[in-house]
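The next block is work-v4.txt, given as compact mmCIF, C-alpha atoms.
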# COMPACT_ATOMS: atom_id res chain seq x y z
CA MET A 1 22.54 29.81 -32.56
CA ARG A 2 19.36 28.09 -31.60
CA SER A 3 20.01 25.18 -33.91
CA THR A 4 23.48 24.74 -32.45
CA THR A 5 22.04 24.53 -28.96
CA GLY A 6 19.44 22.08 -30.19
CA ASN A 7 22.07 19.89 -31.81
CA GLY A 8 24.24 20.14 -28.76
CA SER A 9 21.59 18.99 -26.36
CA GLU A 10 20.47 16.31 -28.75
CA GLU A 11 24.00 15.07 -28.96
CA ALA A 12 24.31 15.17 -25.20
CA ARG A 13 21.08 13.21 -24.90
CA ALA A 14 22.38 10.63 -27.35
CA VAL A 15 25.62 10.30 -25.37
CA THR A 16 23.64 9.91 -22.13
CA ALA A 17 21.31 7.37 -23.74
CA SER A 18 24.16 5.21 -24.97
CA ARG A 19 25.83 5.41 -21.57
CA VAL A 20 22.59 4.32 -19.90
CA ASP A 21 22.22 1.45 -22.39
CA LYS A 22 25.72 0.27 -21.67
CA TYR A 23 25.19 0.52 -17.93
CA VAL A 24 21.92 -1.40 -18.19
CA ASP A 25 23.53 -4.15 -20.28
CA ASN A 26 26.26 -4.61 -17.69
CA LEU A 27 23.74 -4.49 -14.86
CA ILE A 28 21.53 -7.17 -16.42
CA PHE A 29 24.57 -9.38 -16.92
CA ALA A 30 25.71 -8.87 -13.32
CA LEU A 31 22.23 -9.57 -11.94
CA ARG A 32 21.99 -12.71 -14.07
CA MET A 33 25.32 -13.92 -12.70
CA ARG A 34 23.87 -13.58 -9.22
CA ASN A 35 20.71 -15.47 -10.11
CA VAL A 36 18.32 -12.66 -9.48
CA PRO A 37 14.97 -13.73 -11.03
CA GLY A 38 14.20 -12.22 -14.43
CA LYS A 39 11.07 -10.48 -13.26
CA GLU A 40 13.00 -8.71 -10.54
CA ILE A 41 15.78 -7.77 -12.96
CA GLY A 42 13.15 -6.08 -15.10
CA GLN A 43 12.01 -3.98 -12.14
CA ILE A 44 15.53 -3.01 -11.14
CA VAL A 45 16.47 -1.97 -14.67
CA ALA A 46 13.26 -0.03 -15.24
CA GLU A 47 13.87 1.86 -12.01
CA VAL A 48 17.39 2.77 -13.07
CA GLU A 49 16.12 4.03 -16.41
CA ALA A 50 13.31 6.03 -14.85
CA HIS A 51 15.59 7.53 -12.22
CA VAL A 52 18.33 8.73 -14.56
CA ALA A 53 15.77 9.99 -17.08
CA GLU A 54 14.30 12.20 -14.39
CA SER A 55 17.40 13.24 -12.48
CA GLY A 56 19.75 13.50 -15.46
CA GLU A 57 22.43 11.81 -13.34
CA ASP A 58 25.02 9.47 -14.72
CA PRO A 59 23.85 5.93 -13.87
CA ALA A 60 27.21 4.89 -12.43
CA GLU A 61 27.23 8.04 -10.32
CA ALA A 62 23.75 7.41 -8.92
CA PHE A 63 23.83 3.63 -8.57
CA GLY A 64 27.49 2.70 -8.29
CA ARG A 65 29.23 0.17 -10.50
CA PRO A 66 26.87 -2.43 -12.02
CA ARG A 67 28.55 -5.31 -10.20
CA GLU A 68 28.22 -3.63 -6.85
CA TYR A 69 24.63 -2.61 -7.43
CA ALA A 70 23.81 -6.18 -8.47
CA ARG A 71 25.44 -7.45 -5.29
CA THR A 72 23.23 -5.17 -3.18
CA TRP A 73 20.11 -6.62 -4.78
CA ALA A 74 21.34 -10.19 -4.55
CA ARG A 75 21.94 -9.66 -0.82
CA ASN A 76 18.46 -8.16 -0.48
CA ALA A 77 16.73 -11.41 -1.31
CA GLY A 78 19.54 -13.93 -1.01
CA HIS A 79 19.21 -15.53 -4.44
CA ARG A 80 21.46 -18.44 -5.21
CA GLN A 81 21.20 -21.05 -7.84
CA SER A 82 19.79 -24.13 -6.21
CA ARG A 83 21.86 -27.29 -6.51
CA PRO A 84 19.40 -29.33 -8.58
CA GLU A 85 19.25 -26.49 -11.08
CA LEU A 86 23.03 -26.40 -11.36
CA VAL A 87 23.16 -30.18 -11.87
CA ARG A 88 20.51 -29.90 -14.56
CA SER A 89 22.48 -27.19 -16.37
CA VAL A 90 25.66 -29.26 -16.39
CA LEU A 91 23.90 -32.50 -17.39
CA GLY A 92 21.95 -30.71 -20.09
CA ILE A 93 25.03 -29.13 -21.62
CA VAL A 94 27.00 -32.42 -21.48
CA ALA A 95 24.11 -34.39 -23.02
CA ALA A 96 23.57 -31.83 -25.76
CA GLY A 97 27.29 -31.76 -26.57
CA ALA A 98 27.58 -35.56 -26.66
CA GLY A 99 24.44 -35.80 -28.77
CA GLY A 100 25.82 -33.22 -31.19
CA SER A 101 29.07 -35.16 -31.57
CA LEU A 102 27.19 -38.43 -32.09
CA LEU A 103 25.05 -36.68 -34.70
CA GLY A 104 28.16 -35.46 -36.52
CA VAL A 105 29.83 -38.86 -36.43
CA GLY A 106 26.56 -40.41 -37.56
CA VAL A 107 26.33 -38.07 -40.53
CA ILE A 108 29.88 -38.92 -41.54
CA GLY A 109 29.06 -42.62 -41.13
CA THR A 110 25.94 -42.29 -43.28
CA ALA A 111 27.90 -40.59 -46.05
CA THR A 112 30.76 -43.11 -46.01
CA GLY A 113 28.56 -46.10 -45.31
CA GLU A 114 30.59 -47.11 -42.27
CA SER A 115 29.02 -48.24 -39.06
CA VAL A 116 29.46 -46.13 -35.95
CA TRP A 117 30.56 -48.20 -32.97
CA ARG A 118 28.92 -51.20 -34.63
CA LEU A 119 25.66 -49.28 -34.89
CA HIS A 120 23.92 -48.49 -38.14
CA PRO A 121 24.97 -44.88 -38.93
CA VAL A 122 21.35 -43.74 -39.29
CA LEU A 123 20.74 -45.09 -35.80
CA ALA A 124 23.67 -42.98 -34.57
CA VAL A 125 22.14 -39.91 -36.23
CA LEU A 126 18.81 -40.61 -34.56
CA ALA A 127 20.41 -41.26 -31.17
CA GLY A 128 22.41 -38.04 -31.55
CA ILE A 129 19.30 -36.02 -32.28
CA ILE A 130 17.43 -37.54 -29.34
CA MET A 131 20.35 -36.88 -26.97
CA MET A 132 20.68 -33.31 -28.14
CA ALA A 133 16.98 -32.68 -27.76
CA SER A 134 16.75 -34.24 -24.30
CA GLY A 135 19.86 -32.30 -23.24
CA ALA A 136 18.26 -29.07 -24.36
CA PHE A 137 15.05 -30.09 -22.60
CA ALA A 138 16.88 -30.81 -19.34
CA LEU A 139 18.32 -27.29 -19.23
CA PRO A 140 16.53 -25.09 -16.69
CA LYS A 141 13.89 -22.95 -18.35
CA THR A 142 15.11 -19.54 -19.38
CA ASP A 143 13.92 -16.90 -17.01
CA HIS A 144 12.92 -13.94 -19.14
CA VAL A 145 13.66 -10.39 -18.07
CA ILE A 146 10.23 -8.78 -18.13
CA ASP A 147 9.82 -5.03 -18.40
CA PRO A 148 7.22 -4.09 -15.75
CA ARG A 149 6.09 -1.15 -17.89
CA THR A 150 5.07 -3.25 -20.86
CA GLY A 151 4.72 -6.72 -19.33
CA GLN A 152 6.94 -8.02 -22.13
CA GLU A 153 10.54 -8.90 -22.57
CA PHE A 154 12.90 -5.97 -22.99
CA GLU A 155 13.15 -5.16 -26.69
CA ARG A 156 16.94 -5.05 -26.72
CA ILE A 157 17.27 -8.35 -24.88
CA SER A 158 14.84 -10.26 -27.08
CA ARG A 159 16.78 -8.93 -30.07
CA SER A 160 20.11 -10.14 -28.68
CA GLY A 161 18.43 -13.46 -27.76
CA ARG A 162 17.28 -13.94 -31.34
CA ARG A 163 20.80 -13.14 -32.51
CA ALA A 164 22.28 -15.74 -30.14
CA MET A 165 19.79 -18.35 -31.37
CA LEU A 166 20.66 -17.53 -34.98
CA ILE A 167 24.37 -17.88 -34.27
CA THR A 168 23.85 -21.22 -32.48
CA GLY A 169 21.67 -22.51 -35.31
CA ALA A 170 24.21 -21.42 -37.90
CA ALA A 171 26.99 -23.16 -35.94
CA VAL A 172 25.04 -26.44 -35.84
CA VAL A 173 24.31 -26.28 -39.57
CA ALA A 174 27.95 -25.42 -40.32
CA TRP A 175 29.09 -28.39 -38.22
CA LEU A 176 26.76 -30.75 -40.09
CA ILE A 177 27.88 -29.43 -43.48
CA ALA A 178 31.54 -29.70 -42.48
CA ALA A 179 31.00 -33.28 -41.32
CA THR A 180 29.28 -34.21 -44.59
CA VAL A 181 31.95 -32.56 -46.72
CA LEU A 182 34.65 -34.28 -44.71
CA ALA A 183 32.88 -37.60 -45.11
CA VAL A 184 32.55 -37.16 -48.87
CA VAL A 185 36.20 -36.17 -49.21
CA LEU A 186 37.37 -39.06 -47.04
CA GLY A 187 34.97 -41.49 -48.63
CA MET B 1 24.96 21.79 10.16
CA THR B 2 26.46 19.06 8.06
CA ASP B 3 24.54 17.47 5.24
CA GLN B 4 26.48 14.22 5.11
CA TRP B 5 25.76 11.95 8.02
CA PRO B 6 27.65 8.77 8.90
CA GLN B 7 26.55 5.91 6.67
CA SER B 8 25.66 3.70 9.59
CA TRP B 9 23.22 6.32 10.89
CA THR B 10 21.58 6.58 7.51
CA ARG B 11 21.32 2.80 7.31
CA ALA B 12 19.62 2.68 10.69
CA ALA B 13 17.04 5.33 9.93
CA ILE B 14 16.37 5.22 6.21
CA GLU B 15 13.56 2.66 6.12
CA MET B 16 11.69 4.59 8.75
CA CYS B 17 12.22 7.92 7.00
CA VAL B 18 11.16 6.56 3.61
CA LEU B 19 8.00 5.02 5.05
CA ALA B 20 7.18 8.26 6.85
CA LEU B 21 7.69 10.37 3.71
CA VAL B 22 5.57 8.04 1.60
CA ARG B 23 2.84 8.16 4.22
CA GLN B 24 2.94 11.96 4.42
CA HIS B 25 2.99 12.65 0.70
CA GLY B 26 0.89 9.83 -0.68
CA PRO B 27 1.83 7.88 -3.80
CA THR B 28 5.24 9.05 -4.89
CA HIS B 29 8.24 7.82 -6.84
CA GLY B 30 11.87 7.14 -6.04
CA TYR B 31 13.48 10.32 -7.30
CA GLU B 32 10.95 12.44 -5.42
CA ILE B 33 11.68 10.55 -2.20
CA ALA B 34 15.40 11.20 -2.68
CA GLN B 35 14.68 14.91 -3.09
CA ARG B 36 12.51 15.03 0.00
CA LEU B 37 15.20 13.26 2.04
CA ARG B 38 17.71 15.85 0.89
CA ASP B 39 15.31 18.71 1.62
CA ALA B 40 14.81 17.29 5.09
CA GLY B 41 18.57 17.68 5.64
CA LEU B 42 19.21 13.94 5.74
CA GLY B 43 21.87 14.11 3.07
CA ASP B 44 22.20 13.04 -0.52
CA ILE B 45 20.80 9.51 -0.67
CA LYS B 46 21.93 7.85 -3.89
CA GLY B 47 19.65 5.77 -6.05
CA GLY B 48 21.91 2.81 -5.32
CA THR B 49 20.92 3.04 -1.67
CA LEU B 50 17.31 4.13 -2.03
CA TYR B 51 15.86 1.64 -4.51
CA PRO B 52 17.02 -1.49 -2.68
CA VAL B 53 15.39 -0.04 0.45
CA LEU B 54 12.15 0.47 -1.47
CA GLY B 55 12.44 -3.08 -2.78
CA ARG B 56 12.92 -4.50 0.72
CA LEU B 57 9.96 -2.56 2.06
CA GLU B 58 7.82 -3.84 -0.78
CA GLN B 59 8.97 -7.43 -0.22
CA ARG B 60 7.87 -7.14 3.38
CA GLY B 61 4.49 -5.77 2.37
CA ARG B 62 5.02 -2.31 3.81
CA LEU B 63 4.88 -0.56 0.47
CA ARG B 64 3.07 -1.41 -2.72
CA SER B 65 4.02 -0.18 -6.14
CA GLU B 66 2.54 0.41 -9.53
CA TRP B 67 4.12 1.39 -12.84
CA ILE B 68 2.58 4.24 -14.74
CA SER B 69 3.64 5.04 -18.26
CA GLY B 70 5.12 8.46 -18.92
CA GLU B 71 4.61 10.40 -22.12
CA GLY B 72 7.64 9.59 -24.21
CA GLY B 73 9.72 8.91 -21.12
CA PRO B 74 10.50 5.57 -19.52
CA GLY B 75 7.55 5.79 -17.12
CA ARG B 76 7.81 5.77 -13.35
CA LYS B 77 7.02 3.56 -10.43
CA LEU B 78 4.66 4.97 -7.85
CA VAL B 79 4.92 3.62 -4.34
CA SER B 80 2.33 3.95 -1.60
CA ILE B 81 2.17 2.72 1.96
CA THR B 82 0.08 -0.28 2.99
CA ASP B 83 -1.86 -0.75 6.23
CA GLU B 84 0.87 -3.12 7.32
CA GLY B 85 3.39 -0.37 6.58
CA ARG B 86 1.49 2.14 8.70
CA ARG B 87 1.40 -0.26 11.64
CA ALA B 88 5.08 -1.07 11.30
CA LEU B 89 5.98 2.61 11.07
CA ASP B 90 4.01 3.56 14.18
CA ALA B 91 5.63 0.77 16.14
CA VAL B 92 9.18 1.50 15.04
CA VAL B 93 8.88 5.26 15.50
CA ALA B 94 7.76 4.79 19.10
CA GLU B 95 10.74 2.55 19.79
CA TRP B 96 13.11 4.85 17.93
CA LYS B 97 12.08 7.82 20.05
CA THR B 98 12.75 5.83 23.19
CA TRP B 99 16.16 4.83 21.88
CA VAL B 100 17.11 8.38 20.86
CA GLY B 101 16.04 9.63 24.28
CA LEU B 102 18.21 7.03 25.98
CA VAL B 103 21.19 7.87 23.80
CA ALA B 104 20.75 11.58 24.43
CA ALA B 105 20.46 11.00 28.15
CA THR B 106 23.57 8.82 28.14
CA VAL B 107 25.77 11.22 26.25
CA GLU B 108 24.57 14.36 27.98
CA ASP B 109 27.08 15.88 30.36
CA PRO B 110 25.14 16.40 33.63
CA ASP B 111 27.32 19.40 34.59
CA ASN B 112 26.62 21.08 31.29
CA ALA B 113 22.94 20.21 30.97
CA SER B 114 20.72 23.25 30.68
CA GLY B 115 18.79 23.79 33.89
CA GLY B 116 15.68 21.83 34.62
CA GLN B 117 15.79 19.74 31.46
CA GLN B 118 15.20 16.07 32.03
CA PRO B 119 14.95 14.55 28.59
CA CYS B 120 15.36 10.98 29.71
CA GLU B 121 12.52 10.66 32.18
CA ALA B 122 9.83 9.39 29.86
CA PRO B 123 11.99 7.11 27.71
CA GLN B 124 13.51 5.46 30.74
CA ALA B 125 10.09 4.73 32.11
CA THR B 126 9.10 3.20 28.81
CA ALA B 127 12.23 1.11 28.71
CA ARG B 128 11.60 -0.20 32.18
CA ARG B 129 8.09 -1.18 31.21
CA ARG B 130 9.43 -2.97 28.13
CA ARG B 131 11.89 -4.94 30.18
CA GLU B 132 9.21 -6.02 32.60
CA GLN B 133 7.01 -7.41 29.86
Before anything else, please render the file you have as structure tokens.
Amino acid sequence: MRSTTGNGSEEARAVTASRVDKYVDNLIFALRMRNVPGKEIGQIVAEVEAHVAESGEDPAEAFGRPREYARTWARNAGHRQSRPELVRSVLGIVAAGAGGSLLGVGVIGTATGESVWRLHPVLAVLAGIIMMASGAFALPKTDHVIDPRTGQEFERISRSGRRAMLITGAAVVAWLIAATVLAVVLG
Amino acid sequence: MTDQWPQSWTRAAIEMCVLALVRQHGPTHGYEIAQRLRDAGLGDIKGGTLYPVLGRLEQRGRLRSEWISGEGGPGRKLVSITDEGRRALDAVVAEWKTWVGLVAATVEDPDNASGGQQPCEAPQATARRRREQ
């Protein structure tokens, strides 16, 4: 009997925990979309976690839907992405994309020994790398979501960030390999 | 008496009530403030309403906060009132009382008023003084 109750409450706690996690994920996303600074996001999330841990309430019941709660906070301080930052994001992404393409074409050119737009293919590879790097550099600095309780980035976010970086890295490598293979086959 | 008041009334009074409760009870945390508001008969204030109010008050320097770690739990944020908060509270409470007196005096039916009661005398005098300034 006792063990059943124990299991039951443990199960209930697990269900609550996963619901809180899901709510927090959605809330962070919604706050990000509204350009609330990372440090503030950390505070907001930590407060939600502390509140539901103590009250046992469902987060959506206590705080409303994540999007609406995020809107309340965004209105509180009036955060909006400044124009220069937006321009930098767009320019950075365009430059990085163009650089990546140039890099790919350059790699193909190197393998087949053909010039790229009358440039030496190695030059195209170099130019591609430089463009990609400067594009990445132009992007606004990532604003980390800091947990006020630990002073560090939220564990779950840094994990998903690492995963995203891994996926991006793998995609770049795959693209380079594909370009080389294509070049060899064509050449 | 009802326990759910019109939202606009809550909006008007909540900052004041939160500041007053924090001043009365010393360093406290969000959930406790919500409970005290409910115990005071002010209704069930949701976290979604309360925490943004606490955030605003902190931004304006009326509250300060500090995170303390909880054993095993996710910790909690303790808020306390600042000197600036005390000053702001005193000022706004004085004005609020004037306002409530004026509203009460306005809505009171003179034929039905209980004998001898003149609730608007003092507030009206204050209001006149304020206008003259």
I'd like a table as CSV: residues in region 49-89 of chain B with an atom no more than 12 Å from region 43-55 of chain A, each row giving the shortest atom pair and its distance in Å to one decimal, only C-alpha atoms counted, sorted by chain and rising residue number.
residue,atom,partner,partner_atom,distance
B:Thr49,CA,A:Val48,CA,11.9
B:Leu50,CA,A:Glu47,CA,10.8
B:Tyr51,CA,A:Glu47,CA,7.8
B:Pro52,CA,A:Ile44,CA,8.7
B:Val53,CA,A:Ile44,CA,12.0
B:Leu54,CA,A:Glu47,CA,10.8
B:Gly55,CA,A:Ile44,CA,8.9
B:Ser65,CA,A:Gln43,CA,10.7
B:Glu66,CA,A:Gln43,CA,10.8
B:Trp67,CA,A:Ala46,CA,9.6
B:Ile68,CA,A:Ala50,CA,10.9
B:Ser69,CA,A:Ala50,CA,10.3
B:Gly70,CA,A:Ala50,CA,9.5
B:Gly72,CA,A:Ala53,CA,10.8
B:Gly73,CA,A:Ala53,CA,7.4
B:Pro74,CA,A:Ala50,CA,5.5
B:Gly75,CA,A:Ala50,CA,6.2
B:Arg76,CA,A:Ala50,CA,5.7
B:Lys77,CA,A:Glu47,CA,7.2
B:Leu78,CA,A:Glu47,CA,10.6
B:Val79,CA,A:Glu47,CA,11.9
One-decimal distance in Å that lies between CA of Arg34 (chain A) and CA of Ala74 (chain A):
6.3 Å
Can you tell me which residues surround Asp25 (chain A) at a distance of at most 10 Å, considering all atoms listed in the file, apart from same-chain residues fewer than 3 positions away, and format the answer as an MDAnalysis selection string?
chainID A and resid 19:22 28:30 45 66 156:157
Separation of CA of Leu57 (chain B) and CA of Val103 (chain B), in Å?
26.6 Å
For chain A, list the residues within 7 Å of chain B, counting only C-alpha atoms, and write the list as a VMD selection string.
chain A and resid 49 to 51 62 to 64 69 73 76 148 to 149
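For the residues A:Glu68, A:Asp143, A:Glu57, A:Glu40, ranking by smallest atom-to-atom distance to Leu27 (chain A) using only C-alpha atoms places A:Glu68 first.
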Between CA of Trp175 (chain A) and CA of Val90 (chain A), what distance in Å does the model show, to one decimal?
22.1 Å
Neighbour list for Ala111 (chain A) as a VMD selection string, cut-off 10 Å, only C-alpha atoms, skip fewer than 5 positions in-chain:
chain A and resid 105 to 106 121 to 122 179 to 187
Excluding region 42-44 of chain B and any residue of its chain fewer than 5 positions from it, enumerate the residues within 8 Å of it, using all atoms listed in the file, and give them as JSON, numbers by chain.
{"B": [3, 4, 5, 10, 34, 37]}
Please identify all polymer residues within 8 Å of Leu139 (chain A), counting all atoms listed in the file, omitting same-chain residues fewer than 5 positions from it, and present them as number ranges by chain.
A: 88-89, 91-93
Can you tell me which residues surround region 87-97 of chain B at a distance of at most 10 Å, considering all atoms listed in the file, apart from same-chain residues fewer than 6 positions away, and format the answer as a VMD selection string?
chain B and resid 12 to 13 15 to 20 23 62 81 103 123 126 to 127
Take region 43-74 of chain B, model N, CA and C atoms, and hand the result over as a short mmCIF file (atom, residue, chain, number, x, y, z; two decimals), keeping the file's coordinate frame.
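To be explicit, this is the file written out as part-v1.cif:
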data_model
loop_
_atom_site.label_atom_id
_atom_site.label_comp_id
_atom_site.auth_asym_id
_atom_site.auth_seq_id
_atom_site.Cartn_x
_atom_site.Cartn_y
_atom_site.Cartn_z
N GLY B 43 20.73 14.41 3.93
CA GLY B 43 21.87 14.11 3.07
C GLY B 43 21.44 13.64 1.70
N ASP B 44 22.43 13.42 0.86
CA ASP B 44 22.20 13.04 -0.52
C ASP B 44 22.15 11.52 -0.61
N ILE B 45 20.94 10.97 -0.63
CA ILE B 45 20.80 9.51 -0.67
C ILE B 45 20.81 9.09 -2.14
N LYS B 46 21.79 8.28 -2.49
CA LYS B 46 21.93 7.85 -3.89
C LYS B 46 20.86 6.82 -4.26
N GLY B 47 20.59 6.77 -5.56
CA GLY B 47 19.65 5.77 -6.05
C GLY B 47 20.07 4.36 -5.67
N GLY B 48 21.39 4.13 -5.66
CA GLY B 48 21.91 2.81 -5.32
C GLY B 48 21.61 2.39 -3.91
N THR B 49 21.31 3.35 -3.05
CA THR B 49 20.92 3.04 -1.67
C THR B 49 19.40 2.98 -1.56
N LEU B 50 18.75 3.94 -2.22
CA LEU B 50 17.31 4.13 -2.03
C LEU B 50 16.47 2.99 -2.61
N TYR B 51 16.76 2.61 -3.87
CA TYR B 51 15.86 1.64 -4.51
C TYR B 51 15.89 0.25 -3.86
N PRO B 52 17.05 -0.22 -3.43
CA PRO B 52 17.02 -1.49 -2.68
C PRO B 52 16.21 -1.40 -1.39
N VAL B 53 16.21 -0.22 -0.76
CA VAL B 53 15.39 -0.04 0.45
C VAL B 53 13.91 -0.13 0.07
N LEU B 54 13.54 0.54 -1.01
CA LEU B 54 12.15 0.47 -1.47
C LEU B 54 11.76 -0.97 -1.80
N GLY B 55 12.70 -1.69 -2.43
CA GLY B 55 12.44 -3.08 -2.78
C GLY B 55 12.22 -3.94 -1.55
N ARG B 56 13.07 -3.73 -0.53
CA ARG B 56 12.92 -4.50 0.72
C ARG B 56 11.58 -4.21 1.37
N LEU B 57 11.23 -2.93 1.42
CA LEU B 57 9.96 -2.56 2.06
C LEU B 57 8.78 -3.17 1.32
N GLU B 58 8.91 -3.26 0.00
CA GLU B 58 7.82 -3.84 -0.78
C GLU B 58 7.75 -5.35 -0.54
N GLN B 59 8.93 -5.98 -0.48
CA GLN B 59 8.97 -7.43 -0.22
C GLN B 59 8.29 -7.77 1.09
N ARG B 60 8.44 -6.86 2.06
CA ARG B 60 7.87 -7.14 3.38
C ARG B 60 6.43 -6.64 3.49
N GLY B 61 5.89 -6.17 2.38
CA GLY B 61 4.49 -5.77 2.37
C GLY B 61 4.22 -4.43 3.02
N ARG B 62 5.25 -3.61 3.17
CA ARG B 62 5.02 -2.31 3.81
C ARG B 62 4.74 -1.22 2.79
N LEU B 63 5.19 -1.46 1.58
CA LEU B 63 4.88 -0.56 0.47
C LEU B 63 4.26 -1.40 -0.63
N ARG B 64 3.47 -0.74 -1.48
CA ARG B 64 3.07 -1.41 -2.72
C ARG B 64 3.40 -0.47 -3.86
N SER B 65 3.58 -1.03 -5.04
CA SER B 65 4.02 -0.18 -6.14
C SER B 65 3.22 -0.45 -7.40
N GLU B 66 3.31 0.50 -8.29
CA GLU B 66 2.54 0.41 -9.53
C GLU B 66 3.29 1.23 -10.59
N TRP B 67 3.43 0.65 -11.77
CA TRP B 67 4.12 1.39 -12.84
C TRP B 67 3.11 2.19 -13.63
N ILE B 68 3.43 3.46 -13.85
CA ILE B 68 2.58 4.24 -14.74
C ILE B 68 3.44 4.69 -15.90
N SER B 69 2.86 4.68 -17.08
CA SER B 69 3.64 5.04 -18.26
C SER B 69 3.75 6.56 -18.35
N GLY B 70 4.92 7.03 -18.74
CA GLY B 70 5.12 8.46 -18.92
C GLY B 70 5.05 8.79 -20.39
N GLU B 71 4.69 10.02 -20.70
CA GLU B 71 4.61 10.40 -22.12
C GLU B 71 6.02 10.47 -22.68
N GLY B 72 6.34 9.55 -23.56
CA GLY B 72 7.64 9.59 -24.21
C GLY B 72 8.77 9.10 -23.33
N GLY B 73 8.63 9.30 -22.03
CA GLY B 73 9.72 8.91 -21.12
C GLY B 73 9.61 7.44 -20.75
N PRO B 74 10.51 6.99 -19.88
CA PRO B 74 10.50 5.57 -19.52
C PRO B 74 9.48 5.21 -18.44
#
